Amino acid sequence: MKGKYVHVRELTDADAGDLLTLQSDNKSFFERFSMERGSEFYTLAAQLKRINQFKQKMRNDSEYNFGIFENESQHLVGTINLFQIARGSLQSAFIGYFLDKTYNGKGFTTEAVQLLVEYAFNELKLHRIEAGVMPHNIGSIRVLEKSGFHKEGLAKKNVKINGKWEDHQVLAIINPLD
């Protein structure tokens, strides 16, 4: 999946070192918006294990994880995923993403979200993609709105982040072909 500034692709074992660097360099930034992670997460072995789990989940059609790469440098600048995929009468998933703090504000995440939404609707044939964002994360809400997501409401104490149950603004996009 290629855009003007970034491309999105499946991570391979060869990306494990870059994934570790991305996670380590952005540890305090990412953990403001994610679950708590132990020190074992920040090892090459753990990142290799994650990549192999990503591959298995993709084969099982339960989760799709990708790297976000800058086109010019080919550098891994973030990750993006579809998770909690529901088939049957729902045909839905949640979207999540992280971008290296030094690349924020350049439109990279917006482009990656748009690429993944197109993939989800056209290739995976999903009907709905949902996102949950802490209300104070204005940048992430703007990314989703620029990508066609609409606000649906506030989920109170929805996700445990750094040991605390946090409210999340719920946003969603519906496949226009459905």
# chains A, B, ... in the order shown; residues from 1 in each chain; ligands from 1

call {"tool": "residues_around", "arguments": {"residues": "Ala131 of chain A", "least_positions_apart": "3", "cutoff": "8 Å", "atoms": "only C-alpha atoms", "output": "list in words"}}
result
Phe94, Ile95, Gly96, Val170, Leu171 and Ala172 of chain A

call {"tool": "select_by_dssp", "arguments": {"residues": "segment 1-166 of chain A", "states": "strand (DSSP E)", "output": "PyMOL selection string"}}
result
chain A and resi 6-10+64-70+76-86+92-99+128-133+150-161+164-166

call {"tool": "write_last_selection", "arguments": {"atoms": "N, CA and C atoms", "output": "compact mmCIF listing (two decimals), in the first residue's frame"}}
result
# COMPACT_ATOMS: atom_id res chain seq x y z
N VAL A 6 4.27 7.93 2.43
CA VAL A 6 4.57 6.69 3.15
C VAL A 6 4.02 5.49 2.41
N HIS A 7 4.56 4.34 2.75
CA HIS A 7 3.95 3.09 2.33
C HIS A 7 3.79 2.22 3.56
N VAL A 8 2.83 1.32 3.47
CA VAL A 8 2.46 0.44 4.58
C VAL A 8 2.66 -0.98 4.09
N ARG A 9 3.41 -1.77 4.87
CA ARG A 9 3.62 -3.17 4.48
C ARG A 9 3.76 -4.03 5.72
N GLU A 10 3.59 -5.33 5.49
CA GLU A 10 3.77 -6.31 6.56
C GLU A 10 5.21 -6.26 7.06
N TYR A 64 -4.37 -7.58 11.60
CA TYR A 64 -3.45 -7.23 10.53
C TYR A 64 -2.54 -6.11 11.02
N ASN A 65 -1.24 -6.39 11.12
CA ASN A 65 -0.26 -5.44 11.63
C ASN A 65 0.73 -5.09 10.53
N PHE A 66 1.02 -3.80 10.42
CA PHE A 66 1.91 -3.32 9.36
C PHE A 66 2.86 -2.28 9.91
N GLY A 67 3.97 -2.10 9.19
CA GLY A 67 4.87 -0.99 9.46
C GLY A 67 4.50 0.17 8.55
N ILE A 68 4.76 1.37 9.04
CA ILE A 68 4.62 2.58 8.23
C ILE A 68 6.04 3.01 7.89
N PHE A 69 6.34 3.09 6.60
CA PHE A 69 7.69 3.41 6.13
C PHE A 69 7.66 4.69 5.31
N GLU A 70 8.60 5.59 5.59
CA GLU A 70 8.72 6.81 4.80
C GLU A 70 9.23 6.43 3.41
N LEU A 76 11.48 2.90 8.86
CA LEU A 76 10.30 2.55 9.64
C LEU A 76 9.98 3.71 10.58
N VAL A 77 8.83 4.35 10.39
CA VAL A 77 8.47 5.51 11.20
C VAL A 77 7.25 5.26 12.08
N GLY A 78 6.62 4.10 11.93
CA GLY A 78 5.46 3.83 12.77
C GLY A 78 4.87 2.47 12.50
N THR A 79 3.79 2.19 13.20
CA THR A 79 3.05 0.94 13.02
C THR A 79 1.57 1.27 12.93
N ILE A 80 0.84 0.40 12.26
CA ILE A 80 -0.61 0.57 12.12
C ILE A 80 -1.24 -0.81 12.05
N ASN A 81 -2.41 -0.95 12.65
CA ASN A 81 -3.02 -2.28 12.64
C ASN A 81 -4.54 -2.23 12.67
N LEU A 82 -5.11 -3.32 12.20
CA LEU A 82 -6.53 -3.62 12.35
C LEU A 82 -6.61 -4.78 13.33
N PHE A 83 -7.41 -4.66 14.36
CA PHE A 83 -7.48 -5.71 15.37
C PHE A 83 -8.93 -5.95 15.79
N GLN A 84 -9.13 -7.01 16.54
CA GLN A 84 -10.46 -7.46 16.95
C GLN A 84 -11.39 -7.54 15.75
N ILE A 85 -10.90 -8.22 14.72
CA ILE A 85 -11.69 -8.39 13.51
C ILE A 85 -12.87 -9.32 13.79
N ALA A 86 -14.04 -8.85 13.43
CA ALA A 86 -15.25 -9.65 13.60
C ALA A 86 -15.82 -9.91 12.21
N SER A 92 -16.32 -6.14 10.91
CA SER A 92 -15.77 -4.92 11.47
C SER A 92 -14.40 -5.16 12.10
N ALA A 93 -13.74 -4.05 12.42
CA ALA A 93 -12.43 -4.11 13.08
C ALA A 93 -12.19 -2.77 13.78
N PHE A 94 -11.21 -2.77 14.65
CA PHE A 94 -10.69 -1.55 15.26
C PHE A 94 -9.37 -1.22 14.59
N ILE A 95 -9.04 0.06 14.52
CA ILE A 95 -7.77 0.51 13.97
C ILE A 95 -6.94 1.14 15.08
N GLY A 96 -5.64 0.90 15.02
CA GLY A 96 -4.71 1.53 15.96
C GLY A 96 -3.42 1.87 15.25
N TYR A 97 -2.70 2.85 15.76
CA TYR A 97 -1.46 3.27 15.11
C TYR A 97 -0.57 4.02 16.09
N PHE A 98 0.71 4.01 15.78
CA PHE A 98 1.73 4.77 16.51
C PHE A 98 2.70 5.32 15.48
N LEU A 99 3.08 6.58 15.63
CA LEU A 99 4.05 7.20 14.74
C LEU A 99 5.16 7.81 15.57
N ARG A 128 -17.15 -1.90 8.58
CA ARG A 128 -17.00 -0.82 9.56
C ARG A 128 -15.64 -0.91 10.22
N ILE A 129 -15.02 0.25 10.43
CA ILE A 129 -13.77 0.34 11.19
C ILE A 129 -14.00 1.35 12.29
N GLU A 130 -13.62 0.96 13.49
CA GLU A 130 -13.84 1.81 14.66
C GLU A 130 -12.50 2.16 15.29
N ALA A 131 -12.44 3.31 15.93
CA ALA A 131 -11.25 3.74 16.67
C ALA A 131 -11.68 4.31 18.00
N GLY A 132 -10.85 4.13 19.00
CA GLY A 132 -11.06 4.74 20.30
C GLY A 132 -9.85 5.59 20.64
N VAL A 133 -10.08 6.86 20.96
CA VAL A 133 -8.99 7.80 21.21
C VAL A 133 -9.26 8.57 22.50
N HIS A 150 -16.18 9.50 11.65
CA HIS A 150 -17.10 10.41 12.32
C HIS A 150 -17.18 10.04 13.80
N LYS A 151 -17.43 11.04 14.63
CA LYS A 151 -17.54 10.80 16.08
C LYS A 151 -18.88 10.15 16.38
N GLU A 152 -18.83 9.18 17.28
CA GLU A 152 -20.06 8.48 17.67
C GLU A 152 -20.40 8.65 19.14
N GLY A 153 -19.46 9.03 19.96
CA GLY A 153 -19.75 9.19 21.38
C GLY A 153 -18.52 8.94 22.23
N LEU A 154 -18.74 8.95 23.53
CA LEU A 154 -17.65 8.77 24.48
C LEU A 154 -17.86 7.46 25.24
N ALA A 155 -16.86 6.60 25.21
CA ALA A 155 -16.88 5.36 25.98
C ALA A 155 -16.17 5.63 27.30
N LYS A 156 -16.92 5.62 28.39
CA LYS A 156 -16.38 5.95 29.70
C LYS A 156 -15.51 4.81 30.24
N LYS A 157 -14.36 5.18 30.78
CA LYS A 157 -13.42 4.23 31.41
C LYS A 157 -13.29 2.97 30.57
N ASN A 158 -12.94 3.15 29.31
CA ASN A 158 -13.00 2.10 28.30
C ASN A 158 -11.75 1.24 28.20
N VAL A 159 -10.58 1.85 28.33
CA VAL A 159 -9.32 1.12 28.13
C VAL A 159 -8.36 1.46 29.27
N LYS A 160 -7.66 0.44 29.75
CA LYS A 160 -6.69 0.66 30.82
C LYS A 160 -5.36 1.08 30.20
N ILE A 161 -4.94 2.31 30.47
CA ILE A 161 -3.71 2.89 29.97
C ILE A 161 -2.85 3.26 31.17
N LYS A 164 -4.53 3.00 34.54
CA LYS A 164 -5.72 3.81 34.82
C LYS A 164 -6.75 3.61 33.71
N TRP A 165 -8.02 3.43 34.09
CA TRP A 165 -9.10 3.30 33.11
C TRP A 165 -9.37 4.66 32.50
N GLU A 166 -9.24 4.76 31.19
CA GLU A 166 -9.36 6.03 30.47
C GLU A 166 -10.61 6.05 29.58

call {"tool": "select_by_dssp", "arguments": {"residues": "chain A", "states": "helix (DSSP H, G or I)", "output": "NGL selection string"}}
result
:A and (13-25 or 27-30 or 39-41 or 44-59 or 101-103 or 108-122 or 138-146)

call {"tool": "closest_residue", "arguments": {"among": "A:Ile141, A:Ser147, A:Ser62, A:Asp25", "to": "His168 of chain A", "atoms": "only C-alpha atoms"}}
result
A:Ile141

call {"tool": "residues_around", "arguments": {"residues": "Leu177 of chain A", "least_positions_apart": "2", "cutoff": "12 Å", "atoms": "only C-alpha atoms", "output": "number ranges by chain"}}
result
A: 118, 121-122, 125-128, 173-175

call {"tool": "residues_around", "arguments": {"residues": "segment 11-23 of chain A", "least_positions_apart": "3", "cutoff": "7 Å", "atoms": "only C-alpha atoms", "output": "PyMOL selection string"}}
result
chain A and resi 26-27+42-44+47-48+51+66-67+76+100

call {"tool": "write_last_selection", "arguments": {"atoms": "N, CA and C atoms", "output": "compact mmCIF listing (two decimals), in the first residue's frame"}}
result
# COMPACT_ATOMS: atom_id res chain seq x y z
N ASN A 26 10.74 5.80 21.36
CA ASN A 26 9.46 6.46 21.62
C ASN A 26 8.74 5.92 22.85
N LYS A 27 9.48 5.22 23.71
CA LYS A 27 8.87 4.54 24.85
C LYS A 27 7.95 5.46 25.67
N TYR A 42 11.12 -4.52 25.41
CA TYR A 42 12.14 -3.73 24.72
C TYR A 42 13.41 -4.55 24.47
N THR A 43 13.20 -5.72 23.85
CA THR A 43 14.32 -6.59 23.46
C THR A 43 14.11 -7.03 22.03
N LEU A 44 15.20 -7.38 21.37
CA LEU A 44 15.11 -7.86 19.98
C LEU A 44 14.30 -9.15 19.92
N GLN A 47 10.60 -8.40 19.98
CA GLN A 47 10.11 -7.82 18.73
C GLN A 47 10.02 -8.88 17.63
N LEU A 48 10.98 -9.79 17.60
CA LEU A 48 10.89 -10.92 16.65
C LEU A 48 9.67 -11.78 16.94
N ILE A 51 6.57 -9.98 15.68
CA ILE A 51 6.44 -10.07 14.23
C ILE A 51 5.90 -11.43 13.82
N PHE A 66 1.02 -3.80 10.42
CA PHE A 66 1.91 -3.32 9.36
C PHE A 66 2.86 -2.28 9.91
N GLY A 67 3.97 -2.10 9.19
CA GLY A 67 4.87 -0.99 9.46
C GLY A 67 4.50 0.17 8.55
N LEU A 76 11.48 2.90 8.86
CA LEU A 76 10.30 2.55 9.64
C LEU A 76 9.98 3.71 10.58
N ASP A 100 6.40 7.59 15.14
CA ASP A 100 7.57 8.18 15.78
C ASP A 100 7.31 9.66 16.03

call {"tool": "atom_distance", "arguments": {"atom1": "atom CA of Gly139 of chain A", "atom2": "atom CA of Asn104 of chain A"}}
result
8.8 Å
